[in-house]
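Peer 1: Handing over my_file_6.txt, compact mmCIF, C-alpha atoms.
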# COMPACT_ATOMS: atom_id res chain seq x y z
CA MET D 1029 -194.40 64.45 -29.90
CA ALA D 1030 -190.76 63.79 -30.66
CA THR D 1031 -189.82 60.21 -31.48
CA PRO D 1032 -187.28 58.66 -29.06
CA HIS D 1033 -183.86 58.08 -30.58
CA PHE D 1034 -181.90 55.56 -28.55
CA SER D 1035 -179.01 55.26 -30.99
CA SER D 1036 -175.69 56.63 -29.85
CA ALA D 1037 -175.64 60.36 -30.60
CA LEU D 1038 -172.61 62.42 -31.36
CA SER D 1039 -171.20 64.18 -28.34
CA ALA D 1040 -171.35 67.94 -28.69
CA PRO D 1041 -167.90 69.53 -28.66
CA ALA D 1042 -166.79 71.27 -25.52
CA VAL D 1043 -167.34 75.02 -25.39
CA PRO D 1044 -164.00 76.68 -26.19
CA ALA D 1045 -162.67 79.21 -23.72
CA ALA D 1046 -162.59 81.85 -26.47
CA TYR D 1047 -166.19 81.36 -27.60
CA PRO D 1048 -167.45 84.80 -28.74
CA MET D 1049 -169.79 86.60 -26.39
CA ALA D 1050 -172.55 88.90 -27.58
CA LYS D 1051 -172.63 92.56 -26.62
CA PRO D 1052 -173.74 93.10 -23.00
CA GLY D 1053 -177.51 92.66 -22.81
CA TYR D 1054 -177.66 90.45 -25.92
CA GLY D 1055 -177.17 86.74 -26.52
CA LYS D 1056 -178.27 83.72 -24.48
CA ARG D 1057 -180.48 84.11 -21.41
CA SER D 1058 -181.17 81.07 -19.20
CA THR D 1059 -184.69 80.82 -17.79
CA PRO D 1060 -185.20 80.09 -14.08
CA GLY D 1061 -186.54 76.88 -12.56
CA GLN D 1062 -184.70 74.42 -14.81
CA GLN D 1063 -184.02 70.84 -13.79
CA ALA D 1064 -180.48 69.74 -12.98
CA ARG D 1065 -178.31 68.73 -15.93
CA THR D 1066 -178.19 64.96 -16.59
CA ARG D 1067 -176.78 62.70 -19.30
CA ASP D 1068 -180.31 61.96 -20.52
CA ASP D 1069 -181.13 65.56 -21.41
CA PHE D 1070 -182.63 65.92 -24.89
CA SER D 1071 -182.81 62.12 -25.27
CA LEU D 1072 -186.13 62.35 -27.14
CA LEU D 1073 -184.70 64.62 -29.83
CA PRO D 1074 -183.14 63.51 -33.13
CA THR D 1075 -179.36 63.19 -33.28
CA ARG D 1076 -178.67 66.59 -34.87
CA GLU D 1077 -180.97 68.46 -32.44
CA ARG D 1078 -179.42 66.64 -29.46
CA TYR D 1079 -175.97 67.64 -30.71
CA VAL D 1080 -176.89 71.32 -31.07
CA ALA D 1081 -178.93 71.43 -27.84
CA GLY D 1082 -176.09 69.88 -25.80
CA PHE D 1083 -173.70 72.55 -27.08
CA VAL D 1084 -176.10 75.47 -26.51
CA ASP D 1085 -176.97 74.23 -23.02
CA HIS D 1086 -173.31 74.50 -21.96
CA LEU D 1087 -172.88 78.02 -23.34
CA PRO D 1088 -172.69 80.73 -20.65
CA ASP D 1089 -175.30 83.44 -20.43
CA GLY D 1090 -174.50 86.25 -22.84
CA ALA D 1091 -172.89 83.95 -25.41
CA SER D 1092 -173.54 84.72 -29.06
CA MET D 1093 -176.47 82.71 -30.42
CA SER D 1094 -176.20 83.66 -34.09
CA VAL D 1095 -176.47 80.82 -36.58
CA LYS D 1096 -173.13 81.87 -38.12
CA GLN D 1097 -171.24 81.60 -34.83
CA LEU D 1098 -172.85 78.28 -33.91
CA ALA D 1099 -171.98 76.83 -37.32
CA LYS D 1100 -168.33 77.86 -36.85
CA GLN D 1101 -168.16 75.89 -33.60
CA LEU D 1102 -170.17 72.90 -34.85
CA PRO D 1103 -168.38 71.92 -38.07
CA LEU D 1104 -170.53 68.82 -38.68
CA TYR D 1105 -173.43 71.00 -39.79
CA GLY D 1106 -173.77 74.08 -41.95
CA GLN D 1107 -175.72 77.25 -41.22
CA GLN D 1108 -178.91 75.94 -42.85
CA ALA D 1109 -178.81 72.76 -40.75
CA ILE D 1110 -178.16 74.76 -37.56
CA SER D 1111 -181.08 77.06 -38.37
CA THR D 1112 -183.37 74.06 -38.89
CA ALA D 1113 -182.17 72.52 -35.62
CA LEU D 1114 -182.90 75.73 -33.69
CA LYS D 1115 -186.41 75.79 -35.16
CA ALA D 1116 -186.93 72.21 -33.98
CA LEU D 1117 -185.66 73.12 -30.50
CA SER D 1118 -188.11 76.02 -30.43
CA VAL D 1119 -191.00 73.67 -31.30
CA ALA D 1120 -189.77 71.23 -28.64
CA GLY D 1121 -190.05 74.00 -26.03
CA HIS D 1122 -186.37 74.69 -25.31
CA LEU D 1123 -185.89 78.22 -26.67
CA ARG D 1124 -187.56 81.45 -27.74
CA ARG D 1125 -185.97 84.33 -29.64
CA VAL D 1126 -187.14 87.77 -28.49
CA ARG D 1127 -186.47 91.41 -29.19
CA CYS D 1128 -187.14 94.20 -26.68
CA ALA D 1129 -186.77 97.97 -26.71
CA VAL D 1130 -184.32 99.49 -24.20
CA GLY D 1131 -183.38 103.05 -23.47
CA ALA D 1132 -185.57 106.11 -23.65
CA GLY D 1133 -186.34 108.87 -26.10
CA ASP D 1134 -183.93 109.12 -29.02
CA GLU D 1135 -181.63 106.49 -27.44
CA THR D 1136 -184.19 103.67 -27.68
CA ARG D 1137 -182.82 100.60 -29.45
CA TRP D 1138 -183.83 96.98 -29.99
CA VAL D 1139 -181.99 94.30 -28.04
CA PHE D 1140 -182.08 90.69 -29.32
CA ARG D 1141 -181.97 87.78 -26.90
CA THR D 1142 -182.47 84.02 -26.97
CA PHE D 1143 -184.13 82.58 -23.89
CA TRP D 1144 -183.01 78.99 -23.27
CA SER D 1145 -184.51 76.26 -21.07
CA ARG D 1146 -182.91 72.85 -20.63
CA THR D 1147 -186.30 71.71 -19.36
CA ALA D 1148 -188.81 71.61 -22.23
CA ARG D 1149 -191.65 74.10 -21.63
CA ASP D 1150 -195.12 74.24 -23.16
CA ASN D 1151 -196.59 77.27 -24.91
CA GLU D 1152 -198.57 78.37 -21.84
CA TRP D 1153 -195.42 78.44 -19.73
CA TRP D 1154 -193.49 80.48 -22.30
CA THR D 1155 -196.38 82.92 -22.77
CA THR D 1156 -196.68 83.46 -19.01
CA TYR D 1157 -192.94 83.78 -18.49
CA LEU D 1158 -192.43 86.28 -21.30
CA ALA D 1159 -195.45 88.28 -20.12
CA THR D 1160 -194.00 88.58 -16.61
CA GLU D 1161 -190.63 89.47 -18.15
CA THR D 1162 -192.34 92.25 -20.11
CA ALA D 1163 -194.19 93.48 -17.03
CA ALA D 1164 -191.00 93.48 -14.97
CA ARG D 1165 -189.25 95.56 -17.62
CA SER D 1166 -192.19 97.98 -17.75
CA ALA D 1167 -192.11 98.39 -13.97
CA ALA D 1168 -188.33 98.93 -13.86
CA PRO D 1169 -186.55 102.18 -14.77
CA ALA D 1170 -185.25 102.56 -18.31
CA GLU D 1171 -182.23 100.35 -18.94
CA ARG D 1172 -178.79 101.77 -19.25
CA PRO D 1173 -177.09 101.84 -22.66
CA ALA D 1174 -176.18 98.46 -24.12
CA ALA D 1175 -172.55 98.78 -23.07
CA GLU D 1176 -173.66 99.05 -19.43
CA VAL D 1177 -176.49 96.53 -19.34
CA PRO D 1178 -175.57 93.63 -17.00
CA PRO D 1179 -176.15 90.13 -18.37
CA ALA D 1180 -178.31 89.07 -15.43
CA ALA D 1181 -182.05 89.58 -15.80
CA ALA D 1182 -184.20 91.28 -13.17
CA PRO D 1183 -185.92 88.84 -10.79
CA VAL D 1184 -189.36 87.86 -11.99
CA ALA D 1185 -192.00 85.47 -10.76
CA VAL D 1186 -191.38 82.03 -12.28
CA PRO D 1187 -194.60 80.74 -13.86
CA GLN D 1188 -195.74 77.19 -13.31
CA GLN D 1189 -196.20 74.83 -16.22
CA ARG D 1190 -199.71 73.61 -17.08
CA THR D 1191 -201.23 74.85 -13.82
CA ALA D 1192 -204.76 73.60 -13.35
CA PRO D 1193 -207.08 75.45 -10.95
CA GLU D 1194 -207.98 73.39 -7.90
CA ALA D 1195 -211.53 72.79 -6.84
CA THR D 1196 -212.70 74.97 -3.99
CA SER D 1197 -214.97 73.63 -1.30
CA PRO D 1198 -218.20 75.48 -0.56
CA ALA D 1199 -216.75 76.50 2.80
CA GLN D 1200 -214.12 78.57 0.99
CA ALA D 1201 -216.68 80.63 -0.91
CA PRO D 1202 -217.16 84.09 0.58
CA ALA D 1203 -220.31 84.14 2.67
CA SER D 1204 -222.72 86.94 1.99
CA ALA D 1205 -223.68 89.10 4.93
CA PRO D 1206 -227.24 88.61 6.24
CA GLU D 1207 -229.65 91.35 5.37
CA PRO D 1208 -230.54 93.62 8.28
CA PRO D 1209 -234.13 93.47 9.48
CA ALA D 1210 -236.48 95.99 7.98
CA PRO D 1211 -237.06 98.93 10.33
CA THR D 1212 -240.42 99.04 12.07
CA PRO D 1213 -242.54 102.15 11.78
CA THR D 1214 -241.72 103.07 15.38
CA ALA D 1215 -237.96 102.62 14.99
CA ARG D 1216 -235.77 105.62 14.42
CA THR D 1217 -234.37 105.94 10.91
CA ALA D 1218 -230.59 105.42 10.80
CA PRO D 1219 -228.49 108.33 9.54
CA PRO D 1220 -227.59 108.18 5.84
CA ALA D 1221 -224.53 106.07 5.08
CA ALA D 1222 -221.29 107.85 4.27
CA PRO D 1223 -220.26 107.86 0.60
CA PRO D 1224 -218.04 104.87 -0.29
CA ALA D 1225 -214.31 105.41 -0.06
CA ALA D 1226 -212.20 105.48 -3.21
CA PHE D 1227 -211.36 102.04 -4.56
CA SER D 1228 -207.85 100.75 -3.88
CA PRO D 1229 -205.37 100.11 -6.72
CA ALA D 1230 -205.66 96.37 -6.03
CA TYR D 1231 -209.46 96.48 -6.42
CA LEU D 1232 -209.21 98.49 -9.64
CA ALA D 1233 -206.64 96.06 -11.08
CA LEU D 1234 -208.96 93.12 -10.40
CA ALA D 1235 -211.88 94.98 -11.94
CA GLU D 1236 -209.75 95.61 -15.04
CA LEU D 1237 -209.16 91.87 -15.65
CA GLY D 1238 -212.53 91.38 -17.34
CA ARG D 1239 -211.81 94.26 -19.72
CA LYS D 1240 -208.46 92.73 -20.66
CA ASP D 1241 -209.91 89.24 -21.13
CA ILE D 1242 -213.59 88.35 -20.75
CA ARG D 1243 -212.61 84.92 -19.40
CA LEU D 1244 -211.53 86.61 -16.14
CA ALA D 1245 -214.55 88.88 -15.64
CA LEU D 1246 -215.11 89.36 -11.89
CA SER D 1247 -218.09 90.74 -10.01
CA ALA D 1248 -217.85 93.52 -7.43
CA ASP D 1249 -218.08 90.94 -4.62
CA ASP D 1250 -215.30 88.89 -6.26
CA CYS D 1251 -213.01 91.95 -6.42
CA THR D 1252 -213.68 92.69 -2.76
CA ALA D 1253 -212.97 89.09 -1.72
CA LEU D 1254 -209.67 88.99 -3.68
CA GLU D 1255 -208.58 92.56 -2.94
CA GLU D 1256 -206.39 91.65 0.04
CA GLN D 1257 -204.44 89.04 -1.94
CA ALA D 1258 -203.91 91.45 -4.83
CA ALA D 1259 -202.74 94.14 -2.40
CA GLU D 1260 -199.98 91.78 -1.21
CA TRP D 1261 -198.55 91.83 -4.76
CA LEU D 1262 -198.51 95.62 -4.86
CA ALA D 1263 -196.90 95.70 -1.41
CA ARG D 1264 -193.97 93.76 -2.89
CA GLY D 1265 -193.13 96.57 -5.30
CA VAL D 1266 -194.87 95.50 -8.52
CA THR D 1267 -197.20 97.72 -10.49
CA THR D 1268 -200.83 97.12 -11.38
CA ASP D 1269 -199.75 96.54 -15.00
CA TYR D 1270 -197.46 93.74 -13.82
CA LEU D 1271 -200.30 92.25 -11.74
CA ILE D 1272 -202.77 92.34 -14.63
CA ALA D 1273 -200.25 90.88 -17.10
CA ALA D 1274 -199.33 88.01 -14.77
CA LEU D 1275 -202.99 87.11 -14.15
CA THR D 1276 -204.12 87.26 -17.79
CA ALA D 1277 -201.12 85.62 -19.50
CA GLY D 1278 -201.40 82.11 -20.87
CA LEU D 1279 -205.07 81.53 -20.07
CA PRO D 1280 -206.65 78.17 -20.91
CA ALA D 1281 -209.30 78.05 -23.62
CA GLN D 1282 -212.09 78.16 -21.02
CA VAL D 1283 -212.13 79.37 -17.42
CA ASP D 1284 -215.06 77.77 -15.61
CA CYS D 1285 -214.79 79.79 -12.39
CA PRO D 1286 -212.91 83.10 -12.79
CA PRO D 1287 -212.78 83.97 -9.03
CA ARG D 1288 -211.31 80.58 -8.13
CA PHE D 1289 -208.86 80.73 -11.05
CA VAL D 1290 -207.67 84.25 -10.10
CA ARG D 1291 -207.34 83.26 -6.42
CA ARG D 1292 -205.14 80.33 -7.40
CA ARG D 1293 -202.89 82.49 -9.60
CA LEU D 1294 -202.62 85.15 -6.91
CA THR D 1295 -201.36 82.43 -4.56
CA ASP D 1296 -199.06 80.53 -6.94
CA LYS D 1297 -197.46 83.41 -8.84
CA ILE D 1298 -196.91 86.00 -6.11
CA PRO D 1299 -193.52 87.67 -6.77
CA PRO D 1300 -190.67 87.46 -4.26
CA GLN D 1301 -190.28 89.99 -1.49
CA LEU D 1302 -187.40 92.31 -2.34
CA PRO D 1303 -185.43 94.23 0.31
CA GLY D 1304 -186.21 97.92 0.55
CA GLY D 1305 -189.22 99.81 -0.69
CA PRO D 1306 -189.78 100.64 -4.34
CA ALA D 1307 -188.77 104.08 -5.49
CA SER D 1308 -191.63 106.28 -6.64
CA PRO D 1309 -190.55 108.00 -9.84
CA SER D 1310 -191.95 111.43 -10.45
CA THR D 1311 -192.84 110.45 -14.02
CA PRO D 1312 -193.87 106.98 -15.13
CA ALA D 1313 -191.19 105.08 -17.02
CA PRO D 1314 -192.04 104.20 -20.61
CA ALA D 1315 -193.24 100.67 -21.19
CA HIS D 1316 -190.57 98.41 -22.67
CA ARG D 1317 -192.05 96.08 -25.23
CA LEU D 1318 -190.86 92.53 -25.59
CA LEU D 1319 -191.67 90.72 -28.83
CA VAL D 1320 -191.04 87.10 -29.71
CA GLU D 1321 -189.29 86.48 -33.03
CA CYS D 1322 -190.25 83.59 -35.26
CA THR D 1323 -187.34 81.17 -34.92
CA ASP D 1324 -187.57 80.40 -38.64
CA CYS D 1325 -188.18 83.69 -40.48
CA GLY D 1326 -187.62 86.29 -37.73
CA ARG D 1327 -191.10 87.85 -37.94
CA PRO D 1328 -191.90 89.56 -34.58
CA GLY D 1329 -195.14 89.20 -32.64
CA GLN D 1330 -196.71 88.77 -29.21
CA PRO D 1331 -195.87 85.48 -27.40
CA GLU D 1332 -199.41 84.14 -27.67
CA ALA D 1333 -199.42 84.79 -31.43
CA LEU D 1334 -196.33 82.62 -32.03
CA PRO D 1335 -197.01 79.13 -30.65
CA ASP D 1336 -193.87 76.97 -30.56
CA GLY D 1337 -191.93 80.17 -31.34
CA LEU D 1338 -193.14 80.15 -34.96
CA CYS D 1339 -195.37 82.58 -36.84
CA ARG D 1340 -198.53 81.21 -38.44
CA PRO D 1341 -197.09 80.57 -41.96
CA CYS D 1342 -193.95 78.89 -40.60
CA HIS D 1343 -195.98 76.89 -38.09
CA THR D 1344 -198.23 75.70 -40.91
CA ALA D 1345 -195.22 74.77 -43.01
CA HIS D 1346 -193.62 72.91 -40.12
CA SER D 1347 -196.83 71.01 -39.32
CA ALA D 1348 -197.35 70.06 -42.97
CA GLY D 1349 -193.70 69.17 -43.47
CA GLY D 1350 -193.30 71.61 -46.37
CA ARG D 1351 -193.80 75.20 -47.39
CA PRO D 1352 -197.26 76.76 -46.99
CA SER D 1353 -199.44 76.97 -50.08
CA PRO D 1354 -199.41 80.49 -51.61
CA ASP D 1355 -202.41 82.75 -51.39
CA PRO D 1356 -204.64 82.39 -54.50
CA THR D 1357 -205.01 86.17 -54.74
CA GLU D 1358 -201.22 86.54 -54.83
CA ILE D 1359 -200.98 83.93 -57.59
CA ALA D 1360 -203.58 85.81 -59.67
CA ALA D 1361 -201.77 89.11 -59.13
CA VAL D 1362 -198.45 87.62 -60.25
CA LYS D 1363 -200.04 86.11 -63.37
CA ALA D 1364 -201.67 89.43 -64.26
CA HIS D 1365 -198.37 91.25 -63.78
CA MET D 1366 -196.50 88.80 -66.01
CA ALA D 1367 -199.19 89.04 -68.70
CA ASN D 1368 -198.86 92.82 -68.64
CA LEU D 1369 -195.07 92.57 -69.00
CA ARG D 1370 -195.40 90.25 -71.98
CA THR D 1371 -197.83 92.69 -73.60
CA LEU D 1372 -195.43 95.58 -73.16
CA LEU D 1373 -192.58 93.57 -74.67
CA LYS D 1374 -194.46 92.70 -77.85
CA PRO D 1375 -193.19 94.55 -80.95
CA VAL D 1376 -195.43 97.36 -82.13
Before we go any further, please render this structure as structure tokens.

Peer 2:
Amino acid sequence: MATPHFSSALSAPAVPAAYPMAKPGYGKRSTPGQQARTRDDFSLLPTRERYVAGFVDHLPDGASMSVKQLAKQLPLYGQQAISTALKALSVAGHLRRVRCAVGAGDETRWVFRTFWSRTARDNEWWTTYLATETAARSAAPAERPAAEVPPAAAPVAVPQQRTAPEATSPAQAPASAPEPPAPTPTARTAPPAAPPAAFSPAYLALAELGRKDIRLALSADDCTALEEQAAEWLARGVTTDYLIAALTAGLPAQVDCPPRFVRRRLTDKIPPQLPGGPASPSTPAPAHRLLVECTDCGRPGQPEALPDGLCRPCHTAHSAGGRPSPDPTEIAAVKAHMANLRTLLKPV
């Protein structure tokens, strides 16, 4: 937890009118659902981080977020100090650096963005938000070239932070149908039942949850009971991949009651109703990957693999307050290599 700093902090300089903007589709992206701006924002951060955060918060969407550009506008600190401050802001839950593939075929390229939240978010919130962002991009048609990409992001369902599943009363549990009485010998035998109809996409998506993550394994009765709620998502234009990603992202360490947990997420995270029906492409659009970059070293990875926006080595170094200890096998390999070089350099 950050230590409160009540000393007077330096006021971040005003954003100049000529502040450089990134190429369309790059740069800063503000996340939805942020609290209103107040004078106490970032009050728990150290002075340098408050200074940098106050400046970044006032930058418009699409502004360049490179360390070099920020250092030019914040002359009190150099590039190394700005980089360290951004890492601290990532750990504090205010930003994530991501890269995503746009375009199709030979025109596919990587776009780099920095998602910013004035409101500090926990790792579960960021993982859920970036998963829904990925699913929304996968469900949408391929983006236009970078010069034509608008700075505004497609609407996505805003995840809740630290959502805990509510207890469900026994009356809410689906009641099982009573068994029919056994036919008497004199009763006529009923005609054979018709073969079951094909399962709906909503049912199949729910059945797939357990294969994606065992913590959300549902029974056949559970899928039937939740099928109507899941169908409401698909009726709003999202795909089954989007539905599965939104339900499985940012899971707690243990899910005590998967049906109740899924029911709660289906209720809380249902996407907005958009005007008009979704277009049915003749061929499925390629999935657009979205990877989080380590705020310190730039190593890419899935959101859940980079807690606090840092890869494992950088996270270990940050937690220990220093650099991670080198691998013993690497040390032995370096020593053997140097010994071999010394042998080769000896006179014959």

Peer 1: Name all residues at most 7 Å from range 1332-1341 of chain D (count only C-alpha atoms; drop same-chain ones fewer than 2 positions away) and give them as a PyMOL selection string.

Peer 2: chain D and resi 1118-1119+1121+1124+1151+1155+1322-1324+1327+1329-1330+1343-1345+1352

Peer 1: Would you pick out the contacts of Pro1286 in chain D at 10 Å or less, using only C-alpha atoms, so that residues sharing its chain but fewer than 4 positions from it are not included, and give the list as a list in words?

Peer 2: Pro1193, Leu1237, Gly1238, Ile1242, Arg1243, Leu1244, Ala1245, Leu1246, Ser1247, Asp1250, Gln1282, Val1290, Arg1291 and Arg1292 of chain D

Peer 1: To one decimal in Å, tell me the separation between CA of Pro1044 in chain D and CA of Asp1085 in chain D.

Peer 2: 13.6 Å

Peer 1: Using CA of Pro1060 in chain D and CA of Glu1255 in chain D as the two end points, give the distance in Å to one decimal.

Peer 2: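 Distance between the two atoms: 28.7 Å.
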
Peer 1: Give the answer as one residue: which of D:Leu1232, D:Ala1277, D:His1086, D:Glu1256 has the shortest atom-to-atom distance to Arg1065 in chain D, using only C-alpha atoms?

Peer 2: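 Nearest to Arg1065 in chain D: D:His1086.
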
Peer 1: So, with all atoms listed in the file as the atoms that count, which of D:Ala1148, D:Val1320, D:Ala1091, D:Leu1234 lies closest to Met1049 in chain D?

Peer 2: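 Among the listed residues, D:Ala1091 lies closest to Met1049 in chain D.
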
Peer 1: Which of these residues is nearest to Asp1269 in chain D, using only C-alpha atoms: D:Ala1360, D:Ala1159, D:Arg1370, D:Ile1298?

Peer 2: D:Ala1159

Peer 1: What is the CA of Phe1143 in chain D to CA of Arg1264 in chain D distance in Å?

Peer 2: 25.7 Å

Peer 1: Once you count all atoms listed in the file, which residues end up no further than 10 Å from (-177.2, 80.4, -36.4) in the file's frame, shown as a ChimeraX atom specification?

Peer 2: /D:1092-1100,1106-1114

Peer 1: Need the shell around Val1139 in chain D: protein/DNA/RNA residues with any atom at most 10 Å away, counting all atoms listed in the file. Skip same-chain ones fewer than 6 positions apart. Format as number ranges by chain?

Peer 2: D: 1051-1055, 1126-1131, 1174, 1318

Peer 1: Step by step: start from the point (-182.2, 69.8, -18.8) in the file's coordinates, keep every protein, DNA or RNA residue that has an atom no farther than 9 Å from it, count all atoms listed in the file, and write the set as an MDAnalysis selection string.

Peer 2: chainID D and resid 1062:1070 1085 1145:1148

Peer 1: Calculated over all atoms listed in the file, which of the candidates D:Ala1274, D:Leu1373, D:Met1366, D:Ala1120 has the smallest distance to Leu1158 in chain D?

Peer 2: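 Closest to Leu1158 in chain D, using all atoms listed in the file: D:Ala1274.
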
Peer 1: Give the centre and edge lengths of an axis-aligned box, in Å to one decimal, that holds all listed atoms of range 1075-1079 of chain D with 4 Å on each side, as JSON.

Peer 2:
{"center_x": -178.5, "center_y": 65.8, "center_z": -32.2, "size_x": 13.0, "size_y": 13.3, "size_z": 13.4}
